[in-house]
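Asks: As input, take entry.cif (mmCIF, C-alpha atoms):
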```cif
data_upload
#
loop_
_atom_site.label_atom_id
_atom_site.label_comp_id
_atom_site.auth_asym_id
_atom_site.auth_seq_id
_atom_site.Cartn_x
_atom_site.Cartn_y
_atom_site.Cartn_z
CA MET A 180 10.07 1.13 10.22
CA HIS A 181 8.54 4.21 11.76
CA PHE A 182 9.88 5.15 15.18
CA TRP A 183 9.73 7.89 17.79
CA LYS A 184 12.46 9.10 20.14
CA TYR A 185 11.65 10.03 23.75
CA HIS A 186 13.64 10.84 26.84
CA GLY A 187 12.91 11.01 30.56
CA ALA A 188 15.46 13.28 32.30
CA GLY A 189 17.98 12.41 29.58
CA ASN A 190 17.36 8.64 29.76
CA ASP A 191 16.48 8.12 26.08
CA PHE A 192 14.49 5.48 24.23
CA ILE A 193 13.36 4.40 20.78
CA LEU A 194 9.58 3.87 20.78
CA VAL A 195 7.81 1.65 18.24
CA ASP A 196 4.03 1.21 17.94
CA GLN A 197 3.57 -2.52 17.43
CA ARG A 198 -0.18 -2.81 18.01
CA GLU A 199 -1.15 -3.34 14.36
CA ARG A 200 2.04 -4.59 12.76
CA ILE A 201 4.97 -6.63 14.07
CA TRP A 202 8.10 -4.61 13.34
CA ILE A 203 10.47 -6.24 15.81
CA GLN A 204 10.66 -9.79 17.16
CA PRO A 205 11.85 -10.50 20.72
CA ASP A 206 14.89 -12.39 19.42
CA ASP A 207 16.05 -9.58 17.09
CA HIS A 208 18.91 -8.92 19.50
CA GLN A 209 21.48 -7.74 16.95
CA ARG A 210 19.01 -5.48 15.17
CA ILE A 211 17.82 -3.86 18.41
CA ALA A 212 21.43 -3.32 19.51
CA LEU A 213 22.18 -1.71 16.13
CA LEU A 214 19.13 0.58 16.40
CA CYS A 215 20.34 1.69 19.85
CA ASP A 216 23.92 2.23 18.69
CA ARG A 217 24.79 5.93 18.87
CA HIS A 218 27.16 5.81 15.89
CA PHE A 219 25.58 3.35 13.45
CA GLY A 220 21.93 3.46 14.49
CA ILE A 221 19.38 5.87 15.95
CA GLY A 222 21.01 5.89 19.38
CA ALA A 223 19.29 5.20 22.71
CA ASP A 224 19.62 3.63 26.13
CA GLY A 225 16.90 1.17 25.18
CA LEU A 226 14.02 0.30 22.84
CA ILE A 227 10.36 0.02 23.85
CA LEU A 228 7.49 -1.64 22.01
CA LEU A 229 3.95 -0.39 22.55
CA SER A 230 1.96 -3.62 22.21
CA SER A 231 -1.70 -4.52 22.64
CA HIS A 232 -2.96 -6.28 25.76
CA LEU A 233 -6.28 -8.07 26.13
CA LYS A 234 -6.98 -6.80 29.66
CA TYR A 235 -5.08 -3.53 30.09
CA ASP A 236 -4.51 -0.34 28.08
CA PHE A 237 -1.30 -1.72 26.54
CA GLU A 238 1.81 -3.79 27.18
CA MET A 239 5.29 -2.33 27.46
CA VAL A 240 8.04 -4.55 26.05
CA TYR A 241 11.46 -3.21 26.97
CA PHE A 242 14.89 -4.03 25.53
CA ASN A 243 18.22 -2.81 26.84
CA ALA A 244 20.72 -1.18 24.48
CA ASP A 245 22.49 -4.54 24.15
CA GLY A 246 19.38 -5.90 22.40
CA ARG A 247 18.26 -8.15 25.23
CA LYS A 248 14.94 -7.96 27.04
CA GLY A 249 15.36 -5.96 30.22
CA SER A 250 13.68 -5.76 33.60
CA LEU A 251 11.48 -2.79 34.44
CA CYS A 252 12.68 0.59 33.21
CA GLY A 253 11.10 3.39 35.25
CA ASN A 254 11.82 6.29 32.91
CA GLY A 255 10.92 4.08 29.96
CA GLY A 256 7.61 3.29 31.64
CA ARG A 257 6.84 6.98 31.96
CA CYS A 258 7.86 7.61 28.34
CA VAL A 259 5.69 4.81 26.96
CA VAL A 260 2.68 6.31 28.76
CA ALA A 261 3.29 9.65 27.04
CA PHE A 262 3.80 7.78 23.77
CA ALA A 263 0.52 5.89 24.22
CA TYR A 264 -1.26 9.21 24.75
CA ARG A 265 0.25 10.64 21.57
CA ARG A 266 -0.69 7.47 19.67
CA GLY A 267 -4.37 7.76 20.53
CA ILE A 268 -4.77 6.05 23.92
CA GLN A 269 -5.78 9.28 25.55
CA LYS A 270 -6.57 8.90 29.23
CA LYS A 271 -5.54 10.56 32.47
CA ARG A 272 -4.89 7.29 34.30
CA TYR A 273 -3.46 4.15 32.72
CA GLN A 274 -3.03 0.49 33.56
CA PHE A 275 -0.38 -1.38 31.58
CA TRP A 276 1.52 -4.63 31.71
CA ALA A 277 5.33 -4.75 31.97
CA THR A 278 7.88 -7.45 32.60
CA ASP A 279 7.35 -7.32 36.38
CA GLY A 280 3.55 -7.19 36.19
CA LEU A 281 0.81 -4.58 36.32
CA HIS A 282 1.56 -0.86 36.63
CA GLU A 283 -0.55 2.24 36.95
CA ALA A 284 0.44 5.63 35.63
CA GLU A 285 -1.03 9.09 35.56
CA LEU A 286 -0.55 12.07 33.28
CA THR A 287 -0.22 14.86 35.79
CA SER A 288 0.25 17.71 33.30
CA LEU A 289 0.98 18.50 29.65
CA PRO A 290 3.23 21.60 29.52
CA SER A 291 3.30 21.28 25.70
CA PRO A 292 2.14 18.81 23.00
CA TRP A 293 5.58 17.15 23.20
CA GLU A 294 6.32 17.34 26.92
CA PHE A 295 4.47 15.43 29.61
CA GLN A 296 4.68 15.07 33.36
CA VAL A 297 4.03 11.42 34.20
CA ALA A 298 3.73 9.63 37.55
CA LEU A 299 4.42 5.87 37.42
CA HIS A 300 3.34 3.51 40.20
CA LEU A 301 6.00 0.93 41.03
CA SER A 302 5.68 -2.40 42.79
CA ASP A 303 6.11 -2.67 46.56
CA VAL A 304 9.66 -3.21 47.82
CA ALA A 305 10.48 -5.76 50.51
CA PRO A 306 12.52 -4.82 53.60
CA PHE A 307 16.27 -4.55 53.05
CA ALA A 308 19.30 -3.71 55.19
CA ILE A 309 22.70 -2.12 54.86
CA ARG A 310 25.12 -4.38 53.04
CA LYS A 311 27.76 -5.71 55.44
CA GLU A 312 29.91 -7.96 53.26
CA GLY A 313 32.71 -6.75 51.00
CA LEU A 314 35.30 -4.04 51.42
CA GLU A 315 33.08 -0.98 50.99
CA THR A 316 33.63 1.75 53.56
CA ASP A 317 30.65 3.85 52.40
CA PRO A 318 27.08 2.81 53.33
CA VAL A 319 25.77 0.36 50.70
CA PHE A 320 22.30 -1.06 50.06
CA VAL A 321 21.14 -3.66 47.53
CA LEU A 322 17.43 -3.72 46.65
CA ASN A 323 15.04 -4.42 43.79
CA THR A 324 12.69 -1.66 42.60
CA GLY A 325 11.62 -3.55 39.46
CA SER A 326 15.30 -3.86 38.53
CA PRO A 327 18.16 -4.79 40.87
CA HIS A 328 20.14 -1.87 42.27
CA TYR A 329 23.32 -1.34 44.23
CA VAL A 330 23.24 2.01 46.05
CA ARG A 331 26.38 3.47 47.63
CA TRP A 332 26.51 6.78 49.53
CA VAL A 333 29.53 8.86 48.63
CA GLU A 334 31.09 12.30 48.91
CA GLY A 335 32.53 14.01 45.83
CA LEU A 336 30.05 12.47 43.39
CA ASP A 337 31.27 14.47 40.39
CA ALA A 338 34.83 13.18 40.73
CA ILE A 339 33.91 9.49 40.54
CA ASP A 340 34.91 7.53 37.41
CA MET A 341 31.51 5.94 36.85
CA ILE A 342 32.68 3.62 34.08
CA GLN A 343 35.52 2.15 36.08
CA GLU A 344 33.75 2.09 39.43
CA GLY A 345 30.44 0.95 37.96
CA ARG A 346 31.96 -1.92 36.04
CA ALA A 347 33.98 -3.02 39.07
CA VAL A 348 30.74 -3.56 40.98
CA ARG A 349 28.60 -4.83 38.10
CA TYR A 350 31.17 -7.51 37.14
CA SER A 351 32.20 -8.38 40.70
CA GLU A 352 31.74 -11.96 41.88
CA ALA A 353 28.53 -11.05 43.70
CA PHE A 354 26.77 -9.60 40.64
CA ARG A 355 28.58 -10.93 37.57
CA THR A 356 25.96 -13.52 36.58
CA GLU A 357 22.69 -11.60 36.90
CA GLY A 358 24.13 -8.09 36.73
CA VAL A 359 23.15 -5.06 38.79
CA ASN A 360 22.62 -1.36 38.21
CA VAL A 361 25.20 0.65 40.14
CA ASN A 362 24.21 3.94 41.76
CA PHE A 363 26.42 6.41 43.60
CA VAL A 364 24.41 8.91 45.64
CA GLU A 365 25.22 12.11 47.47
CA ALA A 366 22.93 14.13 49.74
CA CYS A 367 22.44 17.80 48.86
CA SER A 368 20.36 20.70 50.13
CA GLU A 369 17.61 19.93 47.59
CA GLY A 370 17.33 16.18 48.06
CA LEU A 371 19.73 13.66 46.52
CA ARG A 372 22.17 13.71 43.61
CA ILE A 373 22.72 10.46 41.73
CA ARG A 374 24.82 8.90 39.00
CA THR A 375 24.06 5.46 37.56
CA TYR A 376 25.90 2.78 35.62
CA GLU A 377 23.26 0.57 33.96
CA ARG A 378 23.59 -3.10 33.14
CA GLY A 379 22.48 -3.85 29.57
CA VAL A 380 23.65 -0.40 28.52
CA GLU A 381 27.06 -1.09 30.13
CA ASN A 382 27.67 2.60 30.52
CA GLU A 383 26.62 5.57 32.59
CA THR A 384 23.17 6.91 31.70
CA LEU A 385 21.96 10.46 32.30
CA ALA A 386 19.18 9.18 34.56
CA CYS A 387 17.65 5.94 35.79
CA GLY A 388 14.10 5.85 37.15
CA THR A 389 14.29 2.64 39.16
CA GLY A 390 17.73 3.79 40.35
CA ALA A 391 16.30 7.08 41.58
CA THR A 392 13.60 5.11 43.37
CA ALA A 393 16.18 2.79 44.94
CA ALA A 394 18.17 5.81 46.13
CA ALA A 395 15.10 7.38 47.77
CA LEU A 396 14.20 4.19 49.65
CA ALA A 397 17.82 3.57 50.64
CA TRP A 398 17.99 7.15 51.96
CA HIS A 399 15.02 6.45 54.22
CA ALA A 400 16.61 3.22 55.49
CA TRP A 401 20.04 4.82 55.93
CA GLN A 402 18.62 7.71 57.96
CA ASP A 403 16.56 5.23 60.03
CA LEU A 404 13.51 7.45 59.60
CA PRO A 405 10.09 6.56 61.00
CA ALA A 406 7.23 5.03 59.04
CA GLY A 407 5.10 7.47 57.07
CA ASP A 408 4.68 9.23 53.74
CA TYR A 409 7.69 10.81 52.04
CA GLU A 410 8.47 12.78 48.89
CA LEU A 411 12.08 13.27 47.79
CA PRO A 412 13.62 15.15 44.82
CA ILE A 413 16.33 13.19 42.98
CA HIS A 414 18.74 15.09 40.73
CA ALA A 415 20.38 13.09 37.94
CA ARG A 416 22.81 14.41 35.34
CA GLY A 417 20.01 14.67 32.75
CA GLY A 418 17.31 16.20 34.90
CA SER A 419 15.29 15.92 38.08
CA LEU A 420 12.77 13.32 39.24
CA THR A 421 10.61 13.01 42.33
CA VAL A 422 9.95 9.81 44.27
CA ARG A 423 6.91 9.49 46.57
CA PHE A 424 6.51 6.51 48.87
CA THR A 425 5.04 5.18 52.09
CA ALA A 426 7.36 3.47 54.57
CA LEU A 427 5.62 0.84 56.69
CA PRO A 428 6.63 -0.15 60.25
CA SER A 429 7.54 -3.61 58.89
CA GLY A 430 10.32 -2.12 56.76
CA GLU A 431 8.35 -2.63 53.54
CA TYR A 432 7.81 0.25 51.10
CA THR A 433 4.50 0.74 49.32
CA ASN A 434 2.56 3.37 47.33
CA ILE A 435 5.77 4.14 45.39
CA TRP A 436 5.47 6.70 42.59
CA LEU A 437 8.20 7.86 40.21
CA CYS A 438 7.35 11.31 38.85
CA GLY A 439 8.99 13.46 36.21
CA PRO A 440 9.18 14.56 32.57
CA ALA A 441 8.66 12.46 29.46
CA VAL A 442 9.59 14.34 26.29
CA GLU A 443 9.01 13.47 22.63
CA VAL A 444 12.16 14.51 20.74
CA PHE A 445 11.52 13.47 17.13
CA GLU A 446 10.06 10.79 14.86
CA GLY A 447 11.43 9.23 11.72
CA GLU A 448 11.88 6.24 9.43
CA THR A 449 14.72 3.79 9.53
CA PHE A 450 15.78 1.12 7.05
CA LEU A 451 17.79 -0.84 9.64
#
```
Before anything else, please render the file you have as structure tokens.
Replies:
Amino acid sequence: MHFWKYHGAGNDFILVDQRERIWIQPDDHQRIALLCDRHFGIGADGLILLSSHLKYDFEMVYFNADGRKGSLCGNGGRCVVAFAYRRGIQKKRYQFWATDGLHEAELTSLPSPWEFQVALHLSDVAPFAIRKEGLETDPVFVLNTGSPHYVRWVEGLDAIDMIQEGRAVRYSEAFRTEGVNVNFVEACSEGLRIRTYERGVENETLACGTGATAAALAWHAWQDLPAGDYELPIHARGGSLTVRFTALPSGEYTNIWLCGPAVEVFEGETFL
């Protein structure tokens, strides 16, 4: 099987072009998990299929590193757009289908043949409030930006044990069944800093696109800022992203765009 490896701010993915030949079936859970294994496979946070779609430019089929189909992956969505461009679907603006519905994306620049700047349009987000239940002393929000996210504001972000703290939330009674992505966020002079523990990967990832988006919207809600247009830099361990959005007086968020790099790392053949 021929594959390509991409990353978006360190959030890395195996990409497979499945428009003309079926290489992977949706129930190939063990095989996908093996391909994503960093010791016995290629290694990645997830695997993405570029599939044909009758109405749109393509369909994105996303699997978590555990081999199971995942909800929307923001960085993966940006990477699959760059991959589609490299595989011959060469446009400036795209429409594609993902697990949560229709998405638009735009290639904003091509710094090199292997590096792209991609803006991905995300679905609107319903109003949400600070989380009151539980024992948390830091401000906490729970919202869905295509994937479910728990966002906690902290001080001393670098000192947090993300594996221990992330798993404690992800497997808590409130989230054990469906799972949640756990984000710890700290304000800085240049926007926000974030670390994320991702369900399905069951580990900390170097970046999370829908997590960065959740952090930006939660920041707006936490600061009780007025309605209007906003743009916020988000700094993950693997790189920086930018989130643009419009906050409505109703508390809803619309016109949400996740912007940042999508980089082709290498391509190869695997016998797995």
Asks: In terms of the shortest atom-to-atom distance over only C-alpha atoms, which of A:Val259, A:Tyr376, A:Glu431, A:Asp303 is closest to A:Glu285?
Replies: A:Val259
Asks: When you look at A:Ala263 with a cut-off of 10 Å (counting only C-alpha atoms), what residues show up, excluding the ones that are within fewer than 2 positions of it in the same chain? I need them as a short mmCIF file (atom, residue, chain, number, x, y, z; two decimals) with C-alpha atoms, in the coordinates of the input.
Replies:
```cif
data_model
loop_
_atom_site.label_atom_id
_atom_site.label_comp_id
_atom_site.auth_asym_id
_atom_site.auth_seq_id
_atom_site.Cartn_x
_atom_site.Cartn_y
_atom_site.Cartn_z
CA LEU A 194 9.58 3.87 20.78
CA ASP A 196 4.03 1.21 17.94
CA LEU A 229 3.95 -0.39 22.55
CA SER A 230 1.96 -3.62 22.21
CA ASP A 236 -4.51 -0.34 28.08
CA PHE A 237 -1.30 -1.72 26.54
CA CYS A 258 7.86 7.61 28.34
CA VAL A 259 5.69 4.81 26.96
CA VAL A 260 2.68 6.31 28.76
CA ALA A 261 3.29 9.65 27.04
CA ARG A 265 0.25 10.64 21.57
CA ARG A 266 -0.69 7.47 19.67
CA GLY A 267 -4.37 7.76 20.53
CA ILE A 268 -4.77 6.05 23.92
CA GLN A 269 -5.78 9.28 25.55
CA LYS A 270 -6.57 8.90 29.23
CA TYR A 273 -3.46 4.15 32.72
#
```
Asks: Using the chain letters and numbers from this file, what does the PyMOL selection byres ((chain A and resi 281) around 10) select? Give the answer as a PyMOL selection string.
Replies: chain A and resi 235+238+274-280+282-283+300-302
Asks: Determine, using only C-alpha atoms, which residues of stretch 355-393 of chain A have any atom at most 10 Å from an atom of stretch 189-192 of chain A, and tabulate each with its shortest atom pair and distance in Å to one decimal place, rows ordered by chain and then rising number, as a tab-separated table.
Replies:
```
residue	atom	partner	partner_atom	distance
A:Thr384	CA	A:Asn190	CA	6.4
A:Leu385	CA	A:Gly189	CA	5.2
A:Ala386	CA	A:Asn190	CA	5.2
A:Cys387	CA	A:Asn190	CA	6.6
A:Gly388	CA	A:Asn190	CA	8.5
```
Asks: At a cut-off of 6 Å from (20.5, 0.8, 46.1) in the coordinates of the file, what residues are picked up using all atoms listed in the file, written as a PDB file with C-alpha atoms, in the frame of the given file?
Replies:
```pdb
ATOM      1  CA  PHE A 320      22.300  -1.060  50.060  1.00  0.00           C
ATOM      2  CA  VAL A 321      21.140  -3.660  47.530  1.00  0.00           C
ATOM      3  CA  LEU A 322      17.430  -3.720  46.650  1.00  0.00           C
ATOM      4  CA  HIS A 328      20.140  -1.870  42.270  1.00  0.00           C
ATOM      5  CA  TYR A 329      23.320  -1.340  44.230  1.00  0.00           C
ATOM      6  CA  VAL A 330      23.240   2.010  46.050  1.00  0.00           C
ATOM      7  CA  ALA A 393      16.180   2.790  44.940  1.00  0.00           C
ATOM      8  CA  ALA A 394      18.170   5.810  46.130  1.00  0.00           C
ATOM      9  CA  ALA A 397      17.820   3.570  50.640  1.00  0.00           C
TER      10      ALA A 397
END
```
Asks: Pick out the residues sitting within 7 Å of stretch 204-219 of chain A, and hand them over as an MDAnalysis selection string; count all atoms listed in the file, and ignore anything fewer than 2 positions along from it in its own chain.
Replies: chainID A and resid 202 221:225 244:247
Asks: Given the selection you just returned, output its residues as a file containing C-alpha atoms, formatted as a PDB file, in the frame of the given file.
Replies:
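To be explicit, this is the file written out as result_32.pdb:
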```
ATOM      1  CA  TRP A 202       8.100  -4.610  13.340  1.00  0.00           C
ATOM      2  CA  ILE A 221      19.380   5.870  15.950  1.00  0.00           C
ATOM      3  CA  GLY A 222      21.010   5.890  19.380  1.00  0.00           C
ATOM      4  CA  ALA A 223      19.290   5.200  22.710  1.00  0.00           C
ATOM      5  CA  ASP A 224      19.620   3.630  26.130  1.00  0.00           C
ATOM      6  CA  GLY A 225      16.900   1.170  25.180  1.00  0.00           C
ATOM      7  CA  ALA A 244      20.720  -1.180  24.480  1.00  0.00           C
ATOM      8  CA  ASP A 245      22.490  -4.540  24.150  1.00  0.00           C
ATOM      9  CA  GLY A 246      19.380  -5.900  22.400  1.00  0.00           C
ATOM     10  CA  ARG A 247      18.260  -8.150  25.230  1.00  0.00           C
TER      11      ARG A 247
END
```
Asks: Stretch 186-195 of chain A, all listed atoms, 4 Å padding on each side: what axis-aligned box centre and edge lengths in Å to one decimal come out, as lines of an AutoDock Vina configuration file?
Replies:
```
center_x = 12.9
center_y = 7.5
center_z = 25.3
size_x = 18.2
size_y = 19.6
size_z = 22.1
```
Asks: Atom CA of A:Ile193 and atom CA of A:Gly220, how far apart in Å?
Replies: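 It comes out at 10.7 Å.
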Asks: Taking the structure in the block just given, could you write stretch 402-423 of chain A with C-alpha atoms, as a compact mmCIF listing (two decimals), in the first residue's frame?
Replies:
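What landed in result.txt:
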```
# COMPACT_ATOMS: atom_id res chain seq x y z
CA GLN A 402 -13.38 36.85 29.29
CA ASP A 403 -17.07 37.71 28.75
CA LEU A 404 -16.12 39.67 25.63
CA PRO A 405 -18.68 41.37 23.39
CA ALA A 406 -20.03 40.00 20.14
CA GLY A 407 -17.87 40.61 17.08
CA ASP A 408 -15.06 39.22 14.94
CA TYR A 409 -11.94 37.81 16.60
CA GLU A 410 -8.62 36.28 15.59
CA LEU A 411 -6.47 34.51 18.17
CA PRO A 412 -3.04 32.80 17.91
CA ILE A 413 -2.86 29.40 19.63
CA HIS A 414 0.56 27.96 20.47
CA ALA A 415 0.76 24.17 20.80
CA ARG A 416 3.87 22.14 21.56
CA GLY A 417 4.30 21.27 17.86
CA GLY A 418 3.63 24.67 16.35
CA SER A 419 1.24 27.59 16.11
CA LEU A 420 -2.29 27.85 14.74
CA THR A 421 -4.70 30.74 14.34
CA VAL A 422 -8.44 30.63 15.02
CA ARG A 423 -10.80 33.20 13.49
```
